[in-house]
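Data from coords14.txt: compact mmCIF, C-alpha atoms
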```txt
# COMPACT_ATOMS: atom_id res chain seq x y z
CA MET A 1 -55.83 3.65 -22.63
CA SER A 2 -56.60 5.39 -19.36
CA ALA A 3 -54.11 7.73 -17.70
CA GLU A 4 -53.78 5.27 -14.81
CA ILE A 5 -52.76 2.37 -17.07
CA ARG A 6 -50.36 4.60 -19.02
CA SER A 7 -48.73 5.61 -15.73
CA GLN A 8 -48.35 1.97 -14.63
CA ALA A 9 -46.85 1.01 -18.00
CA ALA A 10 -44.39 3.89 -17.88
CA SER A 11 -43.29 3.03 -14.34
CA ARG A 12 -42.39 -0.47 -15.52
CA TYR A 13 -39.72 1.17 -17.70
CA GLU A 14 -38.62 3.67 -15.07
CA GLN A 15 -36.00 1.64 -13.27
CA ASP A 16 -34.75 2.38 -9.79
CA PRO A 17 -31.37 4.07 -10.07
CA ILE A 18 -28.13 2.41 -8.99
CA THR A 19 -26.72 4.18 -5.94
CA VAL A 20 -22.94 4.37 -5.71
CA TRP A 21 -20.99 5.21 -2.54
CA VAL A 22 -17.42 6.30 -3.25
CA GLU A 23 -14.62 5.84 -0.66
CA PRO A 24 -12.47 7.35 0.75
CA GLU A 25 -14.15 10.55 -0.52
CA ASP A 26 -17.42 9.50 1.18
CA GLU A 27 -19.54 10.80 -1.69
CA SER A 28 -22.72 9.35 -3.11
CA CYS A 29 -24.04 9.46 -6.69
CA GLN A 30 -26.75 7.74 -8.72
CA PHE A 31 -26.85 6.27 -12.20
CA PRO A 32 -30.22 5.71 -13.90
CA SER A 33 -29.06 2.75 -15.95
CA LEU A 34 -25.95 0.61 -15.87
CA ASN A 35 -25.78 -3.00 -16.95
CA THR A 36 -22.39 -4.16 -15.72
CA VAL A 37 -19.55 -3.33 -13.34
CA GLN A 38 -17.38 -2.55 -16.37
CA GLN A 39 -19.90 0.12 -17.44
CA LEU A 40 -19.74 1.61 -13.95
CA LEU A 41 -15.93 1.68 -14.08
CA ASN A 42 -16.09 3.37 -17.49
CA ARG A 43 -18.54 6.00 -16.22
CA LEU A 44 -16.23 6.75 -13.30
CA GLY A 45 -13.11 6.77 -15.50
CA LEU A 46 -11.53 3.90 -13.58
CA GLY A 47 -9.40 0.94 -14.64
CA VAL A 48 -10.26 -2.61 -13.59
CA ASN A 49 -7.82 -2.56 -10.67
CA ASP A 50 -8.22 1.07 -9.57
CA ALA A 51 -10.97 0.31 -7.04
CA LEU A 52 -12.76 -2.48 -5.23
CA ILE A 53 -16.38 -2.79 -6.35
CA ILE A 54 -18.56 -4.11 -3.54
CA ARG A 55 -22.22 -5.19 -3.38
CA ASN A 56 -23.78 -6.79 -0.31
CA ASN A 57 -20.35 -7.32 1.22
CA THR A 58 -19.14 -9.21 -1.87
CA LEU A 59 -16.47 -8.21 -4.38
CA LEU A 60 -17.61 -7.96 -8.01
CA THR A 61 -15.54 -8.61 -11.12
CA PRO A 62 -16.01 -6.28 -14.14
CA ASP A 63 -18.22 -8.74 -16.04
CA ARG A 64 -20.85 -8.95 -13.25
CA LYS A 65 -24.35 -7.63 -14.00
CA LEU A 66 -25.82 -4.77 -12.00
CA GLN A 67 -29.51 -4.59 -11.12
CA PRO A 68 -31.83 -1.59 -10.76
CA GLY A 69 -31.84 -0.45 -7.14
CA ASP A 70 -28.39 -1.89 -6.39
CA HIS A 71 -26.28 -0.17 -3.75
CA ILE A 72 -22.64 -0.34 -4.77
CA THR A 73 -19.51 0.76 -2.90
CA VAL A 74 -16.53 1.92 -4.96
CA ARG A 75 -13.41 1.85 -2.77
CA HIS A 76 -10.39 3.50 -4.40
CA VAL A 77 -7.21 1.59 -3.65
CA THR A 78 -4.46 4.12 -4.35
CA SER A 79 -2.95 5.17 -1.05
CA ARG A 80 -1.89 8.78 -0.58
CA GLY A 81 0.58 9.06 2.24
CA MET B 82 -15.77 -14.81 -14.86
CA LYS B 83 -14.68 -18.16 -13.43
CA CYS B 84 -11.84 -18.84 -11.03
CA LYS B 85 -8.80 -20.02 -12.99
CA ARG B 86 -8.07 -22.77 -10.48
CA CYS B 87 -11.40 -24.25 -9.38
CA LYS B 88 -13.92 -22.79 -11.92
CA GLU B 89 -16.16 -21.36 -9.19
CA PRO B 90 -17.36 -17.76 -9.76
CA ALA B 91 -14.44 -15.35 -9.42
CA VAL B 92 -14.49 -12.40 -7.00
CA VAL B 93 -11.15 -10.89 -8.01
CA ALA B 94 -10.07 -10.19 -11.60
CA LEU B 95 -6.34 -9.73 -12.18
CA PRO B 96 -5.68 -8.69 -15.79
CA SER B 97 -1.97 -8.31 -14.96
CA HIS B 98 -1.82 -12.07 -14.40
CA HIS B 99 -4.42 -12.84 -17.12
CA THR B 100 -6.58 -14.49 -14.50
CA GLY B 101 -9.32 -14.30 -11.87
CA PHE B 102 -9.85 -16.09 -8.56
CA CYS B 103 -12.60 -17.09 -6.14
CA GLU B 104 -12.02 -16.11 -2.50
CA PRO B 105 -10.13 -19.23 -1.25
CA CYS B 106 -7.97 -19.43 -4.39
CA TYR B 107 -7.21 -15.69 -4.24
CA LEU B 108 -6.01 -15.95 -0.63
CA GLN B 109 -3.81 -18.86 -1.66
CA PHE B 110 -2.45 -16.84 -4.61
CA PHE B 111 -1.69 -13.92 -2.28
CA GLN B 112 0.19 -16.13 0.16
CA ARG B 113 2.19 -17.79 -2.61
CA GLN B 114 3.27 -14.44 -4.03
CA VAL B 115 4.56 -13.38 -0.61
CA LYS B 116 6.40 -16.69 -0.16
CA ARG B 117 7.91 -16.32 -3.63
CA ALA B 118 9.11 -12.78 -2.85
CA ILE B 119 10.74 -13.94 0.41
CA LYS B 120 12.42 -16.90 -1.26
CA GLU B 121 13.57 -15.28 -4.52
CA GLU B 122 15.01 -12.20 -2.86
CA ARG B 123 16.21 -14.08 0.27
CA LEU B 124 14.53 -11.51 2.49
CA PHE B 125 14.56 -13.45 5.80
CA THR B 126 14.20 -16.85 7.44
CA PRO B 127 12.04 -18.25 10.28
CA GLU B 128 15.00 -17.66 12.63
CA ASP B 129 14.91 -13.89 12.14
CA ARG B 130 13.17 -11.45 14.51
CA ILE B 131 11.05 -9.23 12.30
CA LEU B 132 9.72 -5.79 13.20
CA VAL B 133 6.88 -4.73 10.88
CA ALA B 134 6.34 -0.98 10.45
CA VAL B 135 2.58 -0.49 10.82
CA SER B 136 0.81 2.68 9.68
CA GLY B 137 -2.73 1.29 9.94
CA GLY B 138 -3.22 1.24 6.17
CA LYS B 139 -4.11 -1.82 4.12
CA ASP B 140 -0.55 -2.74 3.13
CA SER B 141 1.08 -2.84 6.55
CA LEU B 142 -1.82 -4.71 8.16
CA ALA B 143 -1.98 -7.22 5.28
CA LEU B 144 1.77 -7.77 5.62
CA LEU B 145 1.59 -8.27 9.38
CA TRP B 146 -1.30 -10.73 9.02
CA GLN B 147 0.37 -12.72 6.24
CA LEU B 148 3.80 -13.00 7.87
CA ARG B 149 2.29 -14.09 11.15
CA ASP B 150 0.13 -16.65 9.27
CA LEU B 151 3.27 -18.02 7.62
CA GLY B 152 4.75 -18.60 11.07
CA TYR B 153 7.36 -15.84 11.16
CA ASN B 154 8.38 -14.18 14.43
CA VAL B 155 6.76 -10.75 13.93
CA HIS B 156 6.07 -7.74 16.12
CA GLY B 157 4.38 -4.50 14.98
CA LEU B 158 5.80 -1.02 15.49
CA HIS B 159 3.62 2.05 15.02
CA VAL B 160 5.10 5.53 14.96
CA ASP B 161 2.40 7.87 16.26
CA LEU B 162 2.80 11.04 14.19
CA GLY B 163 0.64 13.14 16.50
CA ILE B 164 -1.69 14.39 13.74
CA PRO B 165 -5.09 15.28 15.27
CA ASP B 166 -7.90 12.80 14.37
CA SER B 167 -5.85 11.02 11.69
CA SER B 168 -3.24 9.55 14.08
CA ASP B 169 -5.87 8.65 16.69
CA ARG B 170 -7.89 6.70 14.09
CA ALA B 171 -4.77 4.88 12.91
CA LYS B 172 -3.71 3.97 16.45
CA THR B 173 -7.18 2.66 17.31
CA ALA B 174 -7.35 0.48 14.16
CA ILE B 175 -3.86 -0.95 14.73
CA ALA B 176 -4.40 -1.66 18.42
CA ALA B 177 -7.69 -3.45 17.68
CA PHE B 178 -6.09 -5.52 14.92
CA CYS B 179 -3.04 -6.54 16.95
CA ASP B 180 -5.17 -7.32 19.98
CA GLN B 181 -7.49 -9.52 17.90
CA GLN B 182 -4.59 -11.31 16.20
CA ALA B 183 -2.48 -11.55 19.39
CA ILE B 184 0.45 -9.82 17.70
CA PRO B 185 2.78 -7.82 19.99
CA LEU B 186 2.52 -4.10 19.23
CA HIS B 187 4.95 -1.33 20.16
CA ILE B 188 4.16 2.37 19.80
CA VAL B 189 6.60 5.28 19.62
CA SER B 190 5.18 8.79 20.04
CA THR B 191 6.76 11.59 17.99
CA GLU B 192 5.10 14.09 20.32
CA GLU B 193 6.86 12.61 23.34
CA ALA B 194 10.09 12.59 21.34
CA GLY B 195 9.67 16.32 20.60
CA VAL B 196 9.10 16.01 16.83
CA ALA B 197 5.31 15.89 16.36
CA ILE B 198 4.48 16.34 12.68
CA PRO B 199 1.91 19.19 13.10
CA ASP B 200 4.49 21.25 15.03
CA LEU B 201 7.10 20.71 12.33
CA ALA B 202 4.59 21.39 9.53
CA GLU B 203 3.72 24.72 11.11
CA ARG B 204 7.25 25.89 11.71
CA ILE B 205 9.47 24.36 9.05
CA ASP B 206 9.24 25.48 5.44
CA GLN B 207 9.72 22.11 3.75
CA PRO B 208 7.34 19.53 2.22
CA VAL B 209 5.91 17.53 5.15
CA CYS B 210 6.56 14.20 3.37
CA SER B 211 10.31 14.90 3.32
CA PHE B 212 10.79 15.19 7.09
CA CYS B 213 7.95 12.79 7.98
CA GLY B 214 9.74 10.02 6.05
CA LYS B 215 13.02 10.77 7.81
CA ILE B 216 11.38 10.69 11.23
CA LYS B 217 9.60 7.38 10.58
CA ARG B 218 12.76 5.73 9.24
CA HIS B 219 14.72 7.03 12.24
CA PHE B 220 12.34 5.59 14.84
CA PHE B 221 11.81 2.30 12.99
CA ASN B 222 15.54 1.70 12.77
CA THR B 223 16.34 2.88 16.28
CA TYR B 224 13.62 0.70 17.78
CA ALA B 225 14.66 -2.36 15.76
CA VAL B 226 18.33 -2.07 16.69
CA GLU B 227 17.74 -1.25 20.37
CA HIS B 228 15.25 -4.11 20.85
CA GLY B 229 17.06 -6.91 19.05
CA PHE B 230 15.09 -7.09 15.79
CA ASN B 231 17.45 -7.89 12.91
CA VAL B 232 14.87 -7.35 10.14
CA LEU B 233 12.67 -4.33 9.55
CA ALA B 234 9.76 -5.06 7.17
CA THR B 235 7.61 -2.41 5.48
CA GLY B 236 4.38 -2.75 3.50
CA HIS B 237 5.70 -1.12 0.32
CA ASN B 238 3.80 -2.68 -2.58
CA LEU B 239 4.39 -2.99 -6.32
CA ASP B 240 2.80 0.40 -7.02
CA ASP B 241 5.04 2.11 -4.45
CA GLU B 242 8.13 0.44 -5.87
CA VAL B 243 7.28 1.03 -9.53
CA SER B 244 6.40 4.70 -9.02
CA ARG B 245 9.71 5.16 -7.20
CA LEU B 246 11.58 3.34 -9.95
CA PHE B 247 9.79 5.48 -12.54
CA ALA B 248 10.73 8.70 -10.69
CA ASN B 249 14.35 7.59 -10.29
CA THR B 250 14.53 6.68 -13.97
CA LEU B 251 12.93 9.94 -15.14
CA GLY B 252 15.54 11.84 -13.15
CA TRP B 253 18.35 9.32 -13.93
CA LYS B 254 19.13 9.15 -10.24
CA THR B 255 21.74 6.47 -10.74
CA ASP B 256 22.79 6.41 -7.08
CA TYR B 257 19.20 5.58 -6.05
CA LEU B 258 18.81 3.07 -8.89
CA ALA B 259 21.89 1.27 -7.56
CA THR B 260 20.23 0.58 -4.21
CA GLN B 261 16.50 0.34 -5.03
CA GLY B 262 14.97 -3.07 -4.41
CA PRO B 263 13.05 -5.21 -1.92
CA LEU B 264 16.17 -5.92 0.18
CA LEU B 265 18.61 -3.47 1.74
CA PRO B 266 21.19 -5.42 3.78
CA ALA B 267 22.07 -4.46 7.37
CA ASP B 268 24.93 -2.01 7.49
CA ASN B 269 26.71 0.18 10.00
CA GLY B 270 24.00 0.42 12.67
CA PHE B 271 21.10 0.06 10.21
CA ALA B 272 18.84 -3.02 10.40
CA ARG B 273 18.14 -5.08 7.27
CA LYS B 274 15.15 -3.58 5.44
CA VAL B 275 12.75 -5.75 3.42
CA LYS B 276 9.60 -5.26 1.32
CA PRO B 277 7.83 -8.65 1.09
CA LEU B 278 4.77 -7.20 -0.72
CA TYR B 279 6.72 -5.94 -3.72
CA ARG B 280 4.94 -8.40 -6.03
CA HIS B 281 1.47 -7.21 -4.97
CA SER B 282 -0.40 -4.21 -6.38
CA GLU B 283 -2.44 -1.90 -4.15
CA PHE B 284 -5.57 -3.49 -5.57
CA GLU B 285 -4.35 -6.90 -4.45
CA THR B 286 -3.61 -5.83 -0.86
CA ALA B 287 -6.96 -3.97 -0.70
CA ALA B 288 -8.79 -7.08 -1.94
CA PHE B 289 -6.87 -9.22 0.57
CA CYS B 290 -7.87 -6.96 3.50
CA PHE B 291 -11.49 -6.94 2.34
CA LEU B 292 -11.67 -10.72 2.08
CA LYS B 293 -9.93 -11.27 5.43
CA GLY B 294 -12.14 -8.67 7.12
CA ILE B 295 -9.15 -6.54 8.14
CA GLU B 296 -10.34 -3.07 9.18
CA HIS B 297 -7.78 -0.51 8.05
CA VAL B 298 -7.47 3.25 7.71
CA LYS B 299 -8.82 4.45 4.36
CA ALA B 300 -8.56 8.24 4.65
CA PRO B 301 -5.43 9.76 3.08
CA CYS B 302 -2.85 11.60 5.18
CA PRO B 303 -4.02 15.23 5.48
CA TYR B 304 -0.54 16.43 4.46
CA SER B 305 -0.16 14.22 1.36
CA GLN B 306 -1.91 16.43 -1.20
CA GLY B 307 0.26 17.11 -4.25
CA ALA B 308 2.82 14.39 -3.53
CA SER B 309 4.56 13.54 -6.82
CA PHE B 310 4.34 9.76 -6.34
CA THR B 311 0.52 10.04 -6.49
CA LEU B 312 0.80 11.54 -9.99
CA TYR B 313 3.21 8.80 -11.07
CA LYS B 314 0.90 6.12 -9.70
CA LYS B 315 -1.95 7.51 -11.79
CA LEU B 316 0.18 7.59 -14.94
CA LEU B 317 1.34 4.02 -14.33
CA ASN B 318 -2.21 2.82 -13.62
CA ASP B 319 -3.32 4.26 -16.97
CA LEU B 320 -0.45 2.40 -18.62
CA GLU B 321 -1.39 -0.80 -16.76
CA THR B 322 -4.98 -0.53 -18.03
CA GLU B 323 -3.69 -0.42 -21.61
CA GLN B 324 -0.94 -2.99 -21.07
CA PRO B 325 -1.84 -5.33 -18.19
CA GLY B 326 1.23 -6.70 -16.42
CA ARG B 327 3.51 -3.84 -17.45
CA LYS B 328 4.22 -2.67 -13.88
CA LEU B 329 5.36 -6.05 -12.58
CA PHE B 330 7.41 -6.65 -15.74
CA PHE B 331 9.11 -3.22 -15.47
CA TYR B 332 10.08 -3.82 -11.83
CA GLN B 333 11.09 -7.48 -12.13
CA GLU B 334 13.21 -6.85 -15.19
CA PHE B 335 14.86 -3.88 -13.48
CA LEU B 336 15.90 -6.20 -10.64
CA ARG B 337 16.97 -8.98 -13.00
CA ARG B 338 18.63 -7.10 -15.84
CA ALA B 339 19.33 -3.46 -14.99
CA LYS B 340 20.03 -2.92 -11.30
CA ASN B 341 23.53 -4.42 -11.36
CA SER B 342 24.64 -2.07 -14.10
CA PHE B 343 24.19 0.87 -11.71
CA GLN B 344 26.43 -0.58 -8.99
CA ASP B 345 29.35 1.67 -9.91
CA HIS B 346 27.05 4.59 -9.09
CA ALA B 347 26.19 3.34 -5.60
CA PRO B 348 26.50 6.24 -3.16
CA LYS B 349 29.84 6.47 -1.41
CA HIS B 350 28.67 7.29 2.09
CA PRO B 351 30.87 9.32 4.35
CA PRO B 352 31.79 7.37 7.48
CA ILE B 353 28.79 6.52 9.67
CA ALA B 354 29.05 7.26 13.40
CA PRO B 355 26.57 7.47 16.28
CA CYS B 356 24.74 10.80 16.62
CA ILE B 357 26.31 12.71 19.51
CA ARG B 358 22.81 13.49 20.88
CA CYS B 359 20.80 10.26 20.51
CA GLY B 360 23.26 7.61 19.30
CA ALA B 361 21.43 6.82 16.05
CA PRO B 362 23.72 6.09 13.09
CA THR B 363 24.39 9.21 11.03
CA SER B 364 26.88 10.57 8.50
CA ALA B 365 26.77 13.95 10.24
CA GLU B 366 27.70 14.76 13.80
CA ILE B 367 24.04 15.23 14.72
CA CYS B 368 21.36 13.07 13.05
CA SER B 369 18.55 14.63 10.96
CA VAL B 370 15.88 14.02 13.64
CA CYS B 371 17.92 15.73 16.36
CA ARG B 372 18.48 18.63 13.93
CA LEU B 373 14.70 18.88 13.41
CA ARG B 374 14.23 18.84 17.18
CA ASN B 375 16.77 21.66 17.44
CA LYS B 376 14.94 23.69 14.79
CA LEU B 377 11.67 23.33 16.66
CA ALA B 378 13.31 24.48 19.87
CA THR B 379 14.80 27.57 18.25
CA THR B 380 11.91 28.78 16.03
```
Reformat the file's structure so that it appears as C-alpha cells.
Amino acid sequence: MSAEIRSQAASRYEQDPITVWVEPEDESCQFPSLNTVQQLLNRLGLGVNDALIIRNNTLLTPDRKLQPGDHITVRHVTSRG
Amino acid sequence: MKCKRCKEPAVVALPSHHTGFCEPCYLQFFQRQVKRAIKEERLFTPEDRILVAVSGGKDSLALLWQLRDLGYNVHGLHVDLGIPDSSDRAKTAIAAFCDQQAIPLHIVSTEEAGVAIPDLAERIDQPVCSFCGKIKRHFFNTYAVEHGFNVLATGHNLDDEVSRLFANTLGWKTDYLATQGPLLPADNGFARKVKPLYRHSEFETAAFCFLKGIEHVKAPCPYSQGASFTLYKKLLNDLETEQPGRKLFFYQEFLRRAKNSFQDHAPKHPPIAPCIRCGAPTSAEICSVCRLRNKLATT
C-alpha cells in the first residue's frame, strides 16, 4: 500500500473534533470524540439540568447524537447575583 | 427522547418531572406551572397592579413576559446599581425587551439616590450582597407603594427558594422559616411580595428564554464571587442529579407540612414607622438605606 493511500485511509478515521463554547465563561474547548450529549455532560462534570446544550440554535436533550465537526454551545444556567 | 404529550422529538428533558417536551408543549408546561403557582398560593388576581422587579437576568424577564402573556396588569421596575459595564448592559437589555414587548418600564438610579453600589463597596467593610439586597428591596417597595402598585413580583425561582430554605434549615433560623414562602402579605407600609416562578428551576427559565428568543444578561454580578447561596445551589444540584425531583419535593412539602409549625417563631417586629429622612417604613428612626447614605457622606 502506498504512503498516499495509507494517509487517505488514516484520515477517514481521524474525525473532526467537536468544538464546545462555554457560557458565561466565554471559553472554547475541543473534544476529539463524543457520541452523545450525555457524554459531553459527563466530560464537563455537569448534570442534565445544569446547562442548556445548543446546536444550530436548537436545544438538545441528553440522548441526542453528536457528529464530528459539531459546534456546541454549553450555557450554564446557575445565576450568581 | 419523545415529547410526553405529542410524541414529537423533545427539546427539553426534565428528569425532575420524569418527562421531556417539544417546544410548543414545553411553553405550555411552563405557563401552566406559573398559573398553578398563582392559583395554589393565591398570589394575585387580574385586578391587581403588579410591579415586576427586573434585573435583566433570565428569571425576571421570563416572569415579565409570562405574566403579561397571561393578561395581568404588569409594569417593570429596574434598579440601576451603577456598576460600570455590568449595569449598562443590564439596562440596555431590559429597555430593548420592554420596548419590543410594549411593557411599561420604570428605572430608579442608585447613583442619583446617593447609594451607588461601587461607592459603597469601596468604602463600607461589609459583603456587597448584604447592602445591595437591602437597597434593591428598599427601592422596589418605595416605588410600588408611591405609585399605586399593590403587588411586587420577583423572579425568584425554585433553586433560589430551595437554597434559601436549605441555608435556613442548616442554621435552624426558625424566625426566617416562619416567613419563607412565595407570598408575603402586605403589611405596615410594605407591598405584598410574590414569587410566581417558585415551581420553576433555573434550567426551566433558561430554556424558556431560549425558546422565546428573550435576550437576557448572562454574565454574573462582578461582586457575587463567594456568595454562600452559590455553594448551596451546587450541592443541591448534585443531589437533584442523583434524586430527580428532590428540590421541588423539599420545597413543596416545607410549605405544606412544615412551615406552619414555625409560626410561633415568627419575628416580633418592633413598631414600624416612616423613616424620618425618606418616609420609607422602618423599625428604626432612620431606615437602612438612609444610614448607608449617611455612612458614604461621612467616610
Nearest residue to Val37 (chain A) from the set A:Pro24, A:Pro17, A:Pro62, A:Gly69 (distances using all atoms listed in the file):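 Residue with the minimum atom-to-atom distance to Val37 (chain A): A:Pro62.
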Env of Cys29 (chain A): 9 Å cut, atoms = only C-alpha atoms, seq-sep filter 2 positions within chain, self excluded. Answer as a PyMOL selection string. chain A and resi 18-22+27+31
One decimal, in Å: what's the spacing between CA of Gln112 (chain B) and CA of Gly47 (chain A)? 24.5 Å
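Across the model, the gap from CA of Thr311 (chain B) to CA of Pro208 (chain B) is 14.6 Å.
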Box centre and edge lengths (Å, one decimal), axis-aligned, region 48-59 of chain A plus 5 Å each side, as JSON:
```
{"center_x": -15.8, "center_y": -4.1, "center_z": -6.2, "size_x": 26.0, "size_y": 20.3, "size_z": 24.8}
```
Within 10 Å of chain A, which residues of chain B show up when using all atoms listed in the file, listed as a VMD selection string? chain B and resid 82 to 83 90 to 97 101 to 104 136 138 to 140 210 214 240 to 241 282 to 288 291 to 292 298 to 308 310 to 311 314 to 315 318 to 323 325
File of the preceding selection, C-alpha atoms, as an mmCIF file, in the coordinates of the input:
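Printed below is result-v7.cif as written:
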```
data_model
loop_
_atom_site.group_PDB
_atom_site.id
_atom_site.type_symbol
_atom_site.label_atom_id
_atom_site.label_comp_id
_atom_site.auth_asym_id
_atom_site.auth_seq_id
_atom_site.Cartn_x
_atom_site.Cartn_y
_atom_site.Cartn_z
ATOM 1 C CA MET B 82 -15.770 -14.810 -14.860
ATOM 2 C CA LYS B 83 -14.680 -18.160 -13.430
ATOM 3 C CA PRO B 90 -17.360 -17.760 -9.760
ATOM 4 C CA ALA B 91 -14.440 -15.350 -9.420
ATOM 5 C CA VAL B 92 -14.490 -12.400 -7.000
ATOM 6 C CA VAL B 93 -11.150 -10.890 -8.010
ATOM 7 C CA ALA B 94 -10.070 -10.190 -11.600
ATOM 8 C CA LEU B 95 -6.340 -9.730 -12.180
ATOM 9 C CA PRO B 96 -5.680 -8.690 -15.790
ATOM 10 C CA SER B 97 -1.970 -8.310 -14.960
ATOM 11 C CA GLY B 101 -9.320 -14.300 -11.870
ATOM 12 C CA PHE B 102 -9.850 -16.090 -8.560
ATOM 13 C CA CYS B 103 -12.600 -17.090 -6.140
ATOM 14 C CA GLU B 104 -12.020 -16.110 -2.500
ATOM 15 C CA SER B 136 0.810 2.680 9.680
ATOM 16 C CA GLY B 138 -3.220 1.240 6.170
ATOM 17 C CA LYS B 139 -4.110 -1.820 4.120
ATOM 18 C CA ASP B 140 -0.550 -2.740 3.130
ATOM 19 C CA CYS B 210 6.560 14.200 3.370
ATOM 20 C CA GLY B 214 9.740 10.020 6.050
ATOM 21 C CA ASP B 240 2.800 0.400 -7.020
ATOM 22 C CA ASP B 241 5.040 2.110 -4.450
ATOM 23 C CA SER B 282 -0.400 -4.210 -6.380
ATOM 24 C CA GLU B 283 -2.440 -1.900 -4.150
ATOM 25 C CA PHE B 284 -5.570 -3.490 -5.570
ATOM 26 C CA GLU B 285 -4.350 -6.900 -4.450
ATOM 27 C CA THR B 286 -3.610 -5.830 -0.860
ATOM 28 C CA ALA B 287 -6.960 -3.970 -0.700
ATOM 29 C CA ALA B 288 -8.790 -7.080 -1.940
ATOM 30 C CA PHE B 291 -11.490 -6.940 2.340
ATOM 31 C CA LEU B 292 -11.670 -10.720 2.080
ATOM 32 C CA VAL B 298 -7.470 3.250 7.710
ATOM 33 C CA LYS B 299 -8.820 4.450 4.360
ATOM 34 C CA ALA B 300 -8.560 8.240 4.650
ATOM 35 C CA PRO B 301 -5.430 9.760 3.080
ATOM 36 C CA CYS B 302 -2.850 11.600 5.180
ATOM 37 C CA PRO B 303 -4.020 15.230 5.480
ATOM 38 C CA TYR B 304 -0.540 16.430 4.460
ATOM 39 C CA SER B 305 -0.160 14.220 1.360
ATOM 40 C CA GLN B 306 -1.910 16.430 -1.200
ATOM 41 C CA GLY B 307 0.260 17.110 -4.250
ATOM 42 C CA ALA B 308 2.820 14.390 -3.530
ATOM 43 C CA PHE B 310 4.340 9.760 -6.340
ATOM 44 C CA THR B 311 0.520 10.040 -6.490
ATOM 45 C CA LYS B 314 0.900 6.120 -9.700
ATOM 46 C CA LYS B 315 -1.950 7.510 -11.790
ATOM 47 C CA ASN B 318 -2.210 2.820 -13.620
ATOM 48 C CA ASP B 319 -3.320 4.260 -16.970
ATOM 49 C CA LEU B 320 -0.450 2.400 -18.620
ATOM 50 C CA GLU B 321 -1.390 -0.800 -16.760
ATOM 51 C CA THR B 322 -4.980 -0.530 -18.030
ATOM 52 C CA GLU B 323 -3.690 -0.420 -21.610
ATOM 53 C CA PRO B 325 -1.840 -5.330 -18.190
#
```
Just how far from CA of Ser190 (chain B) is CA of Asp169 (chain B), in Å to one decimal?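 Atom-to-atom, CA of Asp169 (chain B) to CA of Ser190 (chain B), that is 11.5 Å.
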Calculated over only C-alpha atoms, which of the candidates A:Asp16, A:Asn56, A:Lys65, A:Val74 has the smallest distance to Gln38 (chain A)? A:Lys65
For region 217-222 of chain B: contacts at 8 Å, all atoms listed in the file, fewer than 2 positions along chain excluded, given as JSON, numbers by chain: {"B": [134, 158, 160, 189, 213, 214, 215, 224, 225, 226, 233, 271, 272, 361, 370]}
Let me make sure I understand: among B:Thr250, B:Gln207, B:Thr379, B:Ser244, which one has the smallest atom-to-atom distance to Tyr313 (chain B) if we use only C-alpha atoms? B:Ser244
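For Arg204 (chain B), the non-local neighbours within 9 Å, defined as residues at least 6 positions apart in the same chain or in other chains and counting only C-alpha atoms, are Lys376, Leu377 and Thr380 of chain B.
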Written file, previous selection with C-alpha atoms, as a PDB file, in the frame of the given file:
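Written output follows (result_31.pdb):
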```
ATOM      1  CA  LYS B 376      14.940  23.690  14.790  1.00  0.00           C
ATOM      2  CA  LEU B 377      11.670  23.330  16.660  1.00  0.00           C
ATOM      3  CA  THR B 380      11.910  28.780  16.030  1.00  0.00           C
TER       4      THR B 380
END
```
